[in-house]
file final20.txt (compact mmCIF, C-alpha atoms)
# COMPACT_ATOMS: atom_id res chain seq x y z
CA MET A 1 -107.12 228.42 35.20
CA LYS A 2 -108.27 225.51 33.05
CA TYR A 3 -111.68 223.85 33.29
CA LEU A 4 -113.40 220.81 31.80
CA GLU A 5 -114.10 222.94 28.73
CA SER A 6 -110.36 223.51 28.21
CA PHE A 7 -109.98 219.92 26.94
CA GLN A 8 -111.02 218.42 23.60
CA LEU A 9 -111.82 214.81 22.84
CA GLY A 10 -108.97 213.33 20.79
CA ASP A 11 -106.32 215.84 21.89
CA VAL A 12 -102.87 214.23 21.99
CA HIS A 13 -99.94 215.44 24.11
CA ILE A 14 -96.39 214.12 24.26
CA PHE A 15 -94.13 214.38 27.32
CA SER A 16 -90.69 213.23 28.36
CA GLY A 17 -90.19 211.12 31.48
CA LYS A 18 -86.89 211.60 33.31
CA PRO A 19 -84.67 208.47 33.24
CA MET A 20 -83.99 206.58 36.48
CA SER A 21 -80.35 205.85 37.29
CA THR A 22 -79.29 202.57 38.91
CA ALA A 23 -78.75 204.44 42.19
CA GLU A 24 -82.22 206.01 41.99
CA ILE A 25 -83.85 202.64 41.24
CA MET A 26 -82.19 201.09 44.28
CA ALA A 27 -82.89 204.05 46.59
CA PHE A 28 -86.57 204.06 45.66
CA ALA A 29 -86.79 200.28 46.11
CA ARG A 30 -85.24 200.41 49.58
CA GLU A 31 -87.86 202.93 50.67
CA TRP A 32 -91.00 201.66 48.92
CA ASP A 33 -90.62 198.34 47.10
CA PRO A 34 -87.66 196.29 48.39
CA GLN A 35 -87.82 193.43 45.91
CA ARG A 36 -84.78 191.70 44.46
CA LEU A 37 -85.77 192.76 40.94
CA HIS A 38 -84.96 196.34 41.95
CA LEU A 39 -82.06 195.75 44.37
CA ASP A 40 -80.14 192.59 43.41
CA VAL A 41 -78.34 193.09 40.08
CA ASP A 42 -77.45 189.40 39.66
CA TYR A 43 -80.97 188.17 40.34
CA ALA A 44 -82.59 190.80 38.11
CA THR A 45 -80.07 190.23 35.34
CA SER A 46 -80.66 186.47 35.35
CA LEU A 47 -84.38 187.09 34.81
CA HIS A 48 -84.54 190.31 32.79
CA GLY A 49 -81.02 191.07 31.54
CA SER A 50 -80.52 194.02 33.92
CA LEU A 51 -81.80 195.62 37.09
CA ILE A 52 -85.36 196.85 36.52
CA ALA A 53 -87.28 199.74 38.07
CA SER A 54 -90.21 199.34 40.43
CA GLY A 55 -93.49 199.80 38.59
CA PHE A 56 -94.44 202.43 41.18
CA GLN A 57 -91.33 204.45 40.37
CA THR A 58 -92.02 204.12 36.63
CA MET A 59 -95.51 205.45 37.27
CA LEU A 60 -94.16 208.50 39.13
CA HIS A 61 -91.61 209.27 36.41
CA VAL A 62 -94.20 208.90 33.65
CA PHE A 63 -96.81 211.06 35.39
CA GLU A 64 -94.47 213.76 36.65
CA PRO A 65 -94.43 215.78 33.40
CA VAL A 66 -98.15 215.07 32.86
CA MET A 67 -99.06 216.50 36.27
CA ARG A 68 -96.60 219.40 35.93
CA GLU A 69 -97.58 220.40 32.38
CA PHE A 70 -100.90 218.92 31.27
CA MET A 71 -102.66 219.23 34.65
CA ALA A 72 -101.03 222.54 35.62
CA GLY A 73 -103.58 225.14 36.65
CA VAL A 74 -106.51 222.77 36.13
CA GLU A 75 -109.52 223.12 38.43
CA ASN A 76 -109.23 219.49 39.45
CA LEU A 77 -111.52 218.24 42.21
CA GLY A 78 -109.65 214.96 42.38
CA GLY A 79 -108.46 211.88 40.52
CA LEU A 80 -110.99 209.07 40.21
CA GLY A 81 -108.81 206.08 39.43
CA PHE A 82 -106.89 203.96 36.94
CA ASP A 83 -108.14 201.16 34.71
CA ASN A 84 -106.21 198.56 32.76
CA LEU A 85 -102.81 199.61 34.06
CA ARG A 86 -100.17 197.32 32.52
CA TRP A 87 -96.39 197.12 32.66
CA PRO A 88 -95.80 194.98 29.53
CA ARG A 89 -92.00 195.36 29.62
CA PRO A 90 -89.45 196.24 32.29
CA VAL A 91 -87.89 199.70 32.51
CA ARG A 92 -84.09 199.65 32.81
CA PRO A 93 -81.62 202.16 34.23
CA ASP A 94 -81.10 205.38 32.26
CA GLU A 95 -83.98 204.90 29.83
CA ALA A 96 -85.83 208.11 28.94
CA LEU A 97 -89.51 207.38 28.44
CA GLU A 98 -91.76 209.00 25.87
CA VAL A 99 -95.22 209.58 27.30
CA LYS A 100 -98.24 210.03 25.08
CA ILE A 101 -101.68 210.90 26.41
CA THR A 102 -104.90 210.99 24.42
CA VAL A 103 -108.06 212.65 25.71
CA THR A 104 -110.79 209.96 25.57
CA GLY A 105 -113.64 211.72 27.35
CA VAL A 106 -114.91 215.21 28.30
CA LYS A 107 -118.28 214.60 29.98
CA PRO A 108 -120.31 217.10 32.00
CA SER A 109 -121.95 215.51 35.04
CA ARG A 110 -125.69 214.91 34.71
CA SER A 111 -126.43 215.42 38.39
CA LYS A 112 -123.95 218.21 39.27
CA PRO A 113 -123.81 221.01 36.67
CA ASP A 114 -120.66 222.56 38.17
CA ARG A 115 -118.40 219.62 37.26
CA GLY A 116 -117.59 216.85 34.81
CA VAL A 117 -115.18 214.01 34.06
CA LEU A 118 -112.00 214.29 31.99
CA SER A 119 -110.70 210.90 30.83
CA TYR A 120 -107.45 210.12 29.07
CA SER A 121 -105.35 207.15 28.10
CA LEU A 122 -101.59 207.06 28.61
CA GLU A 123 -98.87 205.12 26.84
CA ALA A 124 -95.16 205.21 27.75
CA ARG A 125 -92.41 203.87 25.47
CA ASN A 126 -88.73 203.17 26.02
CA PRO A 127 -86.02 204.46 23.63
CA ALA A 128 -86.48 201.31 21.47
CA GLY A 129 -90.14 202.30 20.97
CA GLU A 130 -91.47 199.43 23.09
CA ILE A 131 -94.48 200.09 25.31
CA VAL A 132 -93.57 199.88 29.02
CA LEU A 133 -96.71 201.31 30.65
CA THR A 134 -100.31 201.81 29.58
CA LEU A 135 -103.39 202.87 31.52
CA GLU A 136 -106.67 204.77 31.39
CA THR A 137 -107.49 207.40 33.98
CA ALA A 138 -110.12 209.99 34.84
CA ALA A 139 -110.44 213.07 37.04
CA MET A 140 -113.35 215.23 38.19
CA LEU A 141 -112.91 218.83 36.96
CA ARG A 142 -114.85 222.01 37.56
CA ARG A 143 -116.74 223.44 34.61
CA LYS A 144 -116.18 226.98 33.42
CA GLY A 145 -118.66 229.38 34.94
CA ALA A 146 -119.44 227.10 37.88
CA ASP A 147 -117.93 229.67 40.16
CA GLY A 148 -119.12 232.72 38.29
CA GLU A 149 -115.90 232.85 36.21
CA MET B 1 -88.02 181.84 49.37
CA LYS B 2 -91.71 181.88 48.56
CA TYR B 3 -93.23 180.58 45.34
CA LEU B 4 -96.64 180.55 43.69
CA GLU B 5 -97.47 177.53 45.86
CA SER B 6 -96.85 179.56 49.03
CA PHE B 7 -100.17 181.40 48.50
CA GLN B 8 -103.71 180.16 49.03
CA LEU B 9 -106.89 181.40 47.39
CA GLY B 10 -108.90 183.38 49.94
CA ASP B 11 -105.97 184.20 52.24
CA VAL B 12 -106.46 187.58 53.93
CA HIS B 13 -103.66 189.78 55.30
CA ILE B 14 -103.89 193.08 57.16
CA PHE B 15 -101.19 195.78 57.14
CA SER B 16 -100.70 199.27 58.48
CA GLY B 17 -99.87 202.16 56.16
CA LYS B 18 -97.72 204.92 57.62
CA PRO B 19 -99.59 208.28 57.93
CA MET B 20 -98.51 211.22 55.77
CA SER B 21 -97.83 214.50 57.55
CA THR B 22 -98.80 217.86 56.01
CA ALA B 23 -95.11 218.50 55.30
CA GLU B 24 -94.71 215.09 53.63
CA ILE B 25 -97.83 215.64 51.50
CA MET B 26 -96.49 218.99 50.28
CA ALA B 27 -92.93 217.72 49.72
CA PHE B 28 -94.17 214.78 47.65
CA ALA B 29 -96.50 217.05 45.67
CA ARG B 30 -93.72 219.50 44.83
CA GLU B 31 -91.63 216.67 43.41
CA TRP B 32 -94.23 214.50 41.65
CA ASP B 33 -97.75 215.96 41.57
CA PRO B 34 -97.79 219.74 42.06
CA GLN B 35 -101.55 220.27 42.15
CA ARG B 36 -103.27 222.78 44.40
CA LEU B 37 -105.20 219.99 46.17
CA HIS B 38 -101.87 218.87 47.67
CA LEU B 39 -100.12 222.24 48.08
CA ASP B 40 -102.66 225.02 48.65
CA VAL B 41 -104.37 224.57 52.03
CA ASP B 42 -107.06 227.19 51.36
CA TYR B 43 -108.00 225.75 47.97
CA ALA B 44 -108.02 222.15 49.19
CA THR B 45 -109.96 223.07 52.33
CA SER B 46 -112.64 224.87 50.32
CA LEU B 47 -113.20 221.70 48.28
CA HIS B 48 -112.42 218.85 50.68
CA GLY B 49 -112.21 220.31 54.19
CA SER B 50 -108.42 219.93 54.41
CA LEU B 51 -105.28 219.46 52.35
CA ILE B 52 -105.41 216.03 50.70
CA ALA B 53 -102.62 213.65 49.68
CA SER B 54 -101.69 212.85 46.09
CA GLY B 55 -103.21 209.54 45.02
CA PHE B 56 -99.72 208.44 43.97
CA GLN B 57 -98.40 209.04 47.47
CA THR B 58 -101.37 207.19 48.99
CA MET B 59 -100.56 204.26 46.73
CA LEU B 60 -96.93 204.18 47.89
CA HIS B 61 -97.91 204.34 51.57
CA VAL B 62 -100.52 201.62 51.16
CA PHE B 63 -98.21 199.27 49.24
CA GLU B 64 -95.07 199.84 51.29
CA PRO B 65 -95.98 197.30 54.03
CA VAL B 66 -97.44 194.93 51.42
CA MET B 67 -94.19 194.87 49.45
CA ARG B 68 -92.03 194.74 52.58
CA GLU B 69 -94.00 191.98 54.34
CA PHE B 70 -96.34 190.07 52.01
CA MET B 71 -94.03 190.10 48.97
CA ALA B 72 -90.79 189.70 50.97
CA GLY B 73 -88.69 186.82 49.66
CA VAL B 74 -91.16 186.00 46.91
CA GLU B 75 -89.76 184.68 43.62
CA ASN B 76 -91.50 187.44 41.72
CA LEU B 77 -90.78 187.75 37.99
CA GLY B 78 -92.64 191.05 37.81
CA GLY B 79 -95.89 192.90 38.45
CA LEU B 80 -98.44 192.68 35.64
CA GLY B 81 -100.72 195.61 36.38
CA PHE B 82 -103.62 197.15 38.25
CA ASP B 83 -107.32 196.98 37.48
CA ASN B 84 -110.19 199.03 38.86
CA LEU B 85 -108.01 201.32 40.94
CA ARG B 86 -110.25 203.84 42.71
CA TRP B 87 -109.72 206.63 45.23
CA PRO B 88 -113.29 206.96 46.55
CA ARG B 89 -112.35 209.39 49.34
CA PRO B 90 -109.47 211.77 49.97
CA VAL B 91 -106.67 210.92 52.39
CA ARG B 92 -105.88 213.69 54.88
CA PRO B 93 -102.75 214.52 56.86
CA ASP B 94 -101.83 212.16 59.71
CA GLU B 95 -104.33 209.43 58.86
CA ALA B 96 -103.04 205.90 59.42
CA LEU B 97 -104.49 203.55 56.79
CA GLU B 98 -105.54 199.96 57.35
CA VAL B 99 -104.69 197.85 54.34
CA LYS B 100 -106.43 194.56 53.66
CA ILE B 101 -105.43 192.23 50.86
CA THR B 102 -107.28 189.12 49.76
CA VAL B 103 -105.73 186.50 47.48
CA THR B 104 -108.11 186.14 44.52
CA GLY B 105 -106.12 183.87 42.22
CA VAL B 106 -103.22 181.35 42.25
CA LYS B 107 -102.98 180.09 38.68
CA PRO B 108 -100.16 178.06 37.14
CA SER B 109 -99.36 179.15 33.59
CA ARG B 110 -100.61 176.76 30.90
CA SER B 111 -97.79 177.49 28.49
CA LYS B 112 -94.85 177.94 30.90
CA PRO B 113 -94.70 175.30 33.66
CA ASP B 114 -92.07 177.20 35.70
CA ARG B 115 -94.40 180.12 36.55
CA GLY B 116 -97.92 181.27 37.35
CA VAL B 117 -100.02 184.29 38.28
CA LEU B 118 -100.79 185.45 41.82
CA SER B 119 -103.76 187.85 41.97
CA TYR B 120 -105.01 189.82 44.95
CA SER B 121 -107.42 192.60 45.72
CA LEU B 122 -106.52 195.47 48.03
CA GLU B 123 -108.68 197.76 50.15
CA ALA B 124 -107.38 200.64 52.30
CA ARG B 125 -109.47 202.36 54.97
CA ASN B 126 -108.98 205.55 56.95
CA PRO B 127 -109.33 205.66 60.78
CA ALA B 128 -113.11 206.30 60.36
CA GLY B 129 -113.36 202.98 58.49
CA GLU B 130 -114.06 204.63 55.13
CA ILE B 131 -112.53 203.10 52.01
CA VAL B 132 -109.91 205.41 50.45
CA LEU B 133 -108.27 203.09 47.89
CA THR B 134 -109.26 199.86 46.17
CA LEU B 135 -107.65 197.92 43.34
CA GLU B 136 -106.94 194.49 41.91
CA THR B 137 -103.44 193.46 40.95
CA ALA B 138 -101.45 190.48 39.71
CA ALA B 139 -97.83 189.37 39.51
CA MET B 140 -95.98 186.57 37.72
CA LEU B 141 -94.29 184.25 40.26
CA ARG B 142 -91.97 181.28 39.90
CA ARG B 143 -93.37 177.89 40.84
CA LYS B 144 -91.69 175.69 43.42
CA GLY B 145 -89.35 173.19 41.83
CA ALA B 146 -88.98 175.22 38.64
CA ASP B 147 -85.34 175.74 39.54
CA GLY B 148 -84.76 172.34 41.03
CA GLU B 149 -85.71 173.62 44.52

call {"tool": "encode", "arguments": {"input": "final20.txt", "output": "structure tokens"}}
result
Amino acid sequence: MKYLESFQLGDVHIFSGKPMSTAEIMAFAREWDPQRLHLDVDYATSLHGSLIASGFQTMLHVFEPVMREFMAGVENLGGLGFDNLRWPRPVRPDEALEVKITVTGVKPSRSKPDRGVLSYSLEARNPAGEIVLTLETAAMLRRKGADGE
Amino acid sequence: MKYLESFQLGDVHIFSGKPMSTAEIMAFAREWDPQRLHLDVDYATSLHGSLIASGFQTMLHVFEPVMREFMAGVENLGGLGFDNLRWPRPVRPDEALEVKITVTGVKPSRSKPDRGVLSYSLEARNPAGEIVLTLETAAMLRRKGADGE
């Protein structure tokens, strides 16, 4: 298991987000976000040059390797939230995204000695190196020894 | 079609988010967010009293009616981002969520007369009336007449 103490301020990790095909972009949009930008190729192309993925789907694809690798086996009590989430550029079909996270905080709680807050920033880039998603996030983790470990 | 001018500062809309079953919570977690809080009933129950849903899945369920109803037919150029997203309480299996959005901004762009920014805040509550998700968001919309309409 990993605890708050398993993370170091300034640590950087790089992950690979699975590309979304045109069919996957449309299927996701029909279920969760049925806007023309994600379903109507002509409309989306006139505005952005191609169909573009829902920002929700981009978020899932960007976080999937983070949750599966970086947060694997972590004694996580729960996510706290996101700040400053931005989608500065659209994500297009079949673009693999490079995901970089940087640990920005490892802070034991003052009031509850068994836990503390892990914070990190995230930046995702398309194959051209352009930033497509940024955010800051935090989660409440157990501290080592809190449980007698 | 709806344009920036279709929205009024202070407008409030209420939606209903579809509950997530235990099976749906686990299936989503396996694909996108394989943490024990969403997959291991004993672990999650010891910390939170029950299995709890991934915050990503909660977000999808909360936004689904918003995108399908409130944003239907809107000349949306694209979402800009989220601010102050918080998950103050866990969401448990089979909880229907009440979603309230309030329009907080309707601002024509100064530099581009064909568009402007729609902002709204969102608050989701569980059946006990407790807030489970809050955030602020904004999207870039076309203005009426920008296209000769």

call {"tool": "residues_around", "arguments": {"input": "final20.txt", "residues": "Met59 (chain A)", "least_positions_apart": "4", "cutoff": "10 Å", "atoms": "only C-alpha atoms", "output": "list in words"}}
result
Gly17, Ser54, Gly55, Phe63, Glu64, Leu85, Trp87, Ala124, Leu133 and Thr134 of chain A; Phe56 of chain B

call {"tool": "interface_residues", "arguments": {"input": "final20.txt", "of": "chain A", "to": "chain B", "cutoff": "9 Å", "atoms": "only C-alpha atoms", "output": "ChimeraX atom specification"}}
result
/A:31-37,44,47-48,54-56,59-61,63-68,71-88,90,135

call {"tool": "atom_distance", "arguments": {"input": "final20.txt", "atom1": "CA of Arg92 (chain B)", "atom2": "CA of Leu122 (chain B)"}}
result
19.5 Å

call {"tool": "atom_distance", "arguments": {"input": "final20.txt", "atom1": "CA of Leu141 (chain A)", "atom2": "CA of Lys2 (chain A)"}}
result
9.0 Å

call {"tool": "calpha_fit_and_write", "arguments": {"input": "final20.txt", "fixed": "chain A", "moving": "chain B", "output": "PDB file with C-alpha atoms, keeping the file's coordinate frame"}}
result
ATOM      1  CA  MET B   1    -107.142 228.407  35.188  1.00  0.00           C
ATOM      2  CA  LYS B   2    -108.272 225.495  33.063  1.00  0.00           C
ATOM      3  CA  TYR B   3    -111.683 223.855  33.280  1.00  0.00           C
ATOM      4  CA  LEU B   4    -113.409 220.825  31.802  1.00  0.00           C
ATOM      5  CA  GLU B   5    -114.097 222.942  28.710  1.00  0.00           C
ATOM      6  CA  SER B   6    -110.360 223.510  28.192  1.00  0.00           C
ATOM      7  CA  PHE B   7    -109.990 219.912  26.924  1.00  0.00           C
ATOM      8  CA  GLN B   8    -111.035 218.421  23.602  1.00  0.00           C
ATOM      9  CA  LEU B   9    -111.840 214.806  22.814  1.00  0.00           C
ATOM     10  CA  GLY B  10    -108.993 213.327  20.772  1.00  0.00           C
ATOM     11  CA  ASP B  11    -106.339 215.835  21.873  1.00  0.00           C
ATOM     12  CA  VAL B  12    -102.890 214.219  21.983  1.00  0.00           C
ATOM     13  CA  HIS B  13     -99.959 215.434  24.102  1.00  0.00           C
ATOM     14  CA  ILE B  14     -96.403 214.117  24.264  1.00  0.00           C
ATOM     15  CA  PHE B  15     -94.123 214.383  27.316  1.00  0.00           C
ATOM     16  CA  SER B  16     -90.689 213.232  28.363  1.00  0.00           C
ATOM     17  CA  GLY B  17     -90.197 211.128  31.486  1.00  0.00           C
ATOM     18  CA  LYS B  18     -86.919 211.603  33.330  1.00  0.00           C
ATOM     19  CA  PRO B  19     -84.676 208.465  33.245  1.00  0.00           C
ATOM     20  CA  MET B  20     -83.996 206.572  36.474  1.00  0.00           C
ATOM     21  CA  SER B  21     -80.367 205.860  37.316  1.00  0.00           C
ATOM     22  CA  THR B  22     -79.286 202.565  38.921  1.00  0.00           C
ATOM     23  CA  ALA B  23     -78.758 204.437  42.200  1.00  0.00           C
ATOM     24  CA  GLU B  24     -82.228 206.017  42.002  1.00  0.00           C
ATOM     25  CA  ILE B  25     -83.846 202.643  41.246  1.00  0.00           C
ATOM     26  CA  MET B  26     -82.179 201.083  44.295  1.00  0.00           C
ATOM     27  CA  ALA B  27     -82.886 204.052  46.594  1.00  0.00           C
ATOM     28  CA  PHE B  28     -86.574 204.055  45.664  1.00  0.00           C
ATOM     29  CA  ALA B  29     -86.773 200.277  46.103  1.00  0.00           C
ATOM     30  CA  ARG B  30     -85.231 200.401  49.573  1.00  0.00           C
ATOM     31  CA  GLU B  31     -87.856 202.911  50.670  1.00  0.00           C
ATOM     32  CA  TRP B  32     -91.009 201.653  48.927  1.00  0.00           C
ATOM     33  CA  ASP B  33     -90.616 198.330  47.101  1.00  0.00           C
ATOM     34  CA  PRO B  34     -87.665 196.284  48.381  1.00  0.00           C
ATOM     35  CA  GLN B  35     -87.833 193.415  45.899  1.00  0.00           C
ATOM     36  CA  ARG B  36     -84.785 191.697  44.455  1.00  0.00           C
ATOM     37  CA  LEU B  37     -85.771 192.752  40.912  1.00  0.00           C
ATOM     38  CA  HIS B  38     -84.958 196.341  41.936  1.00  0.00           C
ATOM     39  CA  LEU B  39     -82.062 195.739  44.353  1.00  0.00           C
ATOM     40  CA  ASP B  40     -80.143 192.589  43.403  1.00  0.00           C
ATOM     41  CA  VAL B  41     -78.342 193.096  40.079  1.00  0.00           C
ATOM     42  CA  ASP B  42     -77.431 189.416  39.663  1.00  0.00           C
ATOM     43  CA  TYR B  43     -80.966 188.187  40.328  1.00  0.00           C
ATOM     44  CA  ALA B  44     -82.596 190.805  38.106  1.00  0.00           C
ATOM     45  CA  THR B  45     -80.054 190.246  35.332  1.00  0.00           C
ATOM     46  CA  SER B  46     -80.654 186.491  35.343  1.00  0.00           C
ATOM     47  CA  LEU B  47     -84.372 187.111  34.780  1.00  0.00           C
ATOM     48  CA  HIS B  48     -84.524 190.337  32.764  1.00  0.00           C
ATOM     49  CA  GLY B  49     -81.007 191.100  31.523  1.00  0.00           C
ATOM     50  CA  SER B  50     -80.512 194.033  33.913  1.00  0.00           C
ATOM     51  CA  LEU B  51     -81.791 195.610  37.107  1.00  0.00           C
ATOM     52  CA  ILE B  52     -85.345 196.844  36.516  1.00  0.00           C
ATOM     53  CA  ALA B  53     -87.266 199.741  38.068  1.00  0.00           C
ATOM     54  CA  SER B  54     -90.203 199.342  40.436  1.00  0.00           C
ATOM     55  CA  GLY B  55     -93.486 199.790  38.583  1.00  0.00           C
ATOM     56  CA  PHE B  56     -94.432 202.405  41.183  1.00  0.00           C
ATOM     57  CA  GLN B  57     -91.339 204.436  40.370  1.00  0.00           C
ATOM     58  CA  THR B  58     -92.017 204.115  36.630  1.00  0.00           C
ATOM     59  CA  MET B  59     -95.506 205.446  37.260  1.00  0.00           C
ATOM     60  CA  LEU B  60     -94.167 208.488  39.127  1.00  0.00           C
ATOM     61  CA  HIS B  61     -91.617 209.266  36.403  1.00  0.00           C
ATOM     62  CA  VAL B  62     -94.200 208.892  33.653  1.00  0.00           C
ATOM     63  CA  PHE B  63     -96.810 211.062  35.391  1.00  0.00           C
ATOM     64  CA  GLU B  64     -94.472 213.757  36.678  1.00  0.00           C
ATOM     65  CA  PRO B  65     -94.439 215.777  33.405  1.00  0.00           C
ATOM     66  CA  VAL B  66     -98.149 215.065  32.868  1.00  0.00           C
ATOM     67  CA  MET B  67     -99.064 216.514  36.261  1.00  0.00           C
ATOM     68  CA  ARG B  68     -96.603 219.399  35.945  1.00  0.00           C
ATOM     69  CA  GLU B  69     -97.581 220.404  32.392  1.00  0.00           C
ATOM     70  CA  PHE B  70    -100.916 218.932  31.267  1.00  0.00           C
ATOM     71  CA  MET B  71    -102.672 219.229  34.644  1.00  0.00           C
ATOM     72  CA  ALA B  72    -101.024 222.543  35.622  1.00  0.00           C
ATOM     73  CA  GLY B  73    -103.604 225.136  36.642  1.00  0.00           C
ATOM     74  CA  VAL B  74    -106.502 222.756  36.123  1.00  0.00           C
ATOM     75  CA  GLU B  75    -109.512 223.114  38.433  1.00  0.00           C
ATOM     76  CA  ASN B  76    -109.222 219.489  39.448  1.00  0.00           C
ATOM     77  CA  LEU B  77    -111.524 218.234  42.214  1.00  0.00           C
ATOM     78  CA  GLY B  78    -109.666 214.932  42.390  1.00  0.00           C
ATOM     79  CA  GLY B  79    -108.453 211.870  40.508  1.00  0.00           C
ATOM     80  CA  LEU B  80    -110.992 209.056  40.218  1.00  0.00           C
ATOM     81  CA  GLY B  81    -108.808 206.069  39.418  1.00  0.00           C
ATOM     82  CA  PHE B  82    -106.886 203.948  36.951  1.00  0.00           C
ATOM     83  CA  ASP B  83    -108.134 201.170  34.707  1.00  0.00           C
ATOM     84  CA  ASN B  84    -106.200 198.563  32.755  1.00  0.00           C
ATOM     85  CA  LEU B  85    -102.805 199.596  34.070  1.00  0.00           C
ATOM     86  CA  ARG B  86    -100.171 197.312  32.537  1.00  0.00           C
ATOM     87  CA  TRP B  87     -96.382 197.097  32.646  1.00  0.00           C
ATOM     88  CA  PRO B  88     -95.790 194.994  29.512  1.00  0.00           C
ATOM     89  CA  ARG B  89     -91.994 195.387  29.604  1.00  0.00           C
ATOM     90  CA  PRO B  90     -89.448 196.240  32.278  1.00  0.00           C
ATOM     91  CA  VAL B  91     -87.884 199.692  32.516  1.00  0.00           C
ATOM     92  CA  ARG B  92     -84.088 199.656  32.817  1.00  0.00           C
ATOM     93  CA  PRO B  93     -81.621 202.162  34.246  1.00  0.00           C
ATOM     94  CA  ASP B  94     -81.095 205.385  32.278  1.00  0.00           C
ATOM     95  CA  GLU B  95     -83.978 204.908  29.852  1.00  0.00           C
ATOM     96  CA  ALA B  96     -85.817 208.111  28.960  1.00  0.00           C
ATOM     97  CA  LEU B  97     -89.526 207.386  28.450  1.00  0.00           C
ATOM     98  CA  GLU B  98     -91.778 209.009  25.881  1.00  0.00           C
ATOM     99  CA  VAL B  99     -95.224 209.570  27.312  1.00  0.00           C
ATOM    100  CA  LYS B 100     -98.253 210.019  25.090  1.00  0.00           C
ATOM    101  CA  ILE B 101    -101.679 210.902  26.414  1.00  0.00           C
ATOM    102  CA  THR B 102    -104.897 210.992  24.429  1.00  0.00           C
ATOM    103  CA  VAL B 103    -108.069 212.644  25.723  1.00  0.00           C
ATOM    104  CA  THR B 104    -110.783 209.966  25.581  1.00  0.00           C
ATOM    105  CA  GLY B 105    -113.658 211.708  27.344  1.00  0.00           C
ATOM    106  CA  VAL B 106    -114.917 215.205  28.315  1.00  0.00           C
ATOM    107  CA  LYS B 107    -118.267 214.610  29.992  1.00  0.00           C
ATOM    108  CA  PRO B 108    -120.308 217.103  32.008  1.00  0.00           C
ATOM    109  CA  SER B 109    -121.932 215.519  35.055  1.00  0.00           C
ATOM    110  CA  ARG B 110    -125.679 214.930  34.704  1.00  0.00           C
ATOM    111  CA  SER B 111    -126.426 215.433  38.375  1.00  0.00           C
ATOM    112  CA  LYS B 112    -123.949 218.212  39.265  1.00  0.00           C
ATOM    113  CA  PRO B 113    -123.802 221.031  36.688  1.00  0.00           C
ATOM    114  CA  ASP B 114    -120.633 222.587  38.178  1.00  0.00           C
ATOM    115  CA  ARG B 115    -118.386 219.618  37.275  1.00  0.00           C
ATOM    116  CA  GLY B 116    -117.586 216.848  34.818  1.00  0.00           C
ATOM    117  CA  VAL B 117    -115.178 214.013  34.073  1.00  0.00           C
ATOM    118  CA  LEU B 118    -112.002 214.289  31.998  1.00  0.00           C
ATOM    119  CA  SER B 119    -110.710 210.890  30.824  1.00  0.00           C
ATOM    120  CA  TYR B 120    -107.445 210.122  29.069  1.00  0.00           C
ATOM    121  CA  SER B 121    -105.364 207.147  28.097  1.00  0.00           C
ATOM    122  CA  LEU B 122    -101.609 207.052  28.620  1.00  0.00           C
ATOM    123  CA  GLU B 123     -98.875 205.105  26.848  1.00  0.00           C
ATOM    124  CA  ALA B 124     -95.162 205.213  27.749  1.00  0.00           C
ATOM    125  CA  ARG B 125     -92.423 203.882  25.473  1.00  0.00           C
ATOM    126  CA  ASN B 126     -88.745 203.177  26.029  1.00  0.00           C
ATOM    127  CA  PRO B 127     -86.023 204.483  23.644  1.00  0.00           C
ATOM    128  CA  ALA B 128     -86.477 201.320  21.484  1.00  0.00           C
ATOM    129  CA  GLY B 129     -90.130 202.314  20.980  1.00  0.00           C
ATOM    130  CA  GLU B 130     -91.471 199.445  23.095  1.00  0.00           C
ATOM    131  CA  ILE B 131     -94.485 200.088  25.312  1.00  0.00           C
ATOM    132  CA  VAL B 132     -93.573 199.881  29.022  1.00  0.00           C
ATOM    133  CA  LEU B 133     -96.721 201.301  30.665  1.00  0.00           C
ATOM    134  CA  THR B 134    -100.323 201.794  29.591  1.00  0.00           C
ATOM    135  CA  LEU B 135    -103.404 202.856  31.527  1.00  0.00           C
ATOM    136  CA  GLU B 136    -106.669 204.762  31.403  1.00  0.00           C
ATOM    137  CA  THR B 137    -107.502 207.380  33.988  1.00  0.00           C
ATOM    138  CA  ALA B 138    -110.120 209.986  34.848  1.00  0.00           C
ATOM    139  CA  ALA B 139    -110.452 213.054  37.051  1.00  0.00           C
ATOM    140  CA  MET B 140    -113.356 215.225  38.202  1.00  0.00           C
ATOM    141  CA  LEU B 141    -112.899 218.826  36.971  1.00  0.00           C
ATOM    142  CA  ARG B 142    -114.836 222.024  37.567  1.00  0.00           C
ATOM    143  CA  ARG B 143    -116.737 223.447  34.619  1.00  0.00           C
ATOM    144  CA  LYS B 144    -116.171 226.988  33.409  1.00  0.00           C
ATOM    145  CA  GLY B 145    -118.648 229.405  34.917  1.00  0.00           C
ATOM    146  CA  ALA B 146    -119.436 227.123  37.851  1.00  0.00           C
ATOM    147  CA  ASP B 147    -117.864 229.709  40.125  1.00  0.00           C
ATOM    148  CA  GLY B 148    -119.070 232.737  38.256  1.00  0.00           C
ATOM    149  CA  GLU B 149    -115.875 232.797  36.133  1.00  0.00           C
TER     150      GLU B 149
END

call {"tool": "atom_distance", "arguments": {"input": "final20.txt", "atom1": "CA of Glu95 (chain B)", "atom2": "CA of Lys18 (chain B)"}}
result
8.1 Å

call {"tool": "closest_residue", "arguments": {"input": "final20.txt", "among": "A:Asp11, A:Met1, A:Ile25, A:Pro93", "to": "Val106 (chain A)", "atoms": "only C-alpha atoms"}}
result
A:Asp11

call {"tool": "axis_aligned_box", "arguments": {"input": "final20.txt", "around": "region 110-120 of chain B", "padding_each_side": "6 Å", "output": "lines of an AutoDock Vina configuration file"}}
result
center_x = -98.5
center_y = 182.6
center_z = 36.7
size_x = 24.9
size_y = 26.5
size_z = 28.5
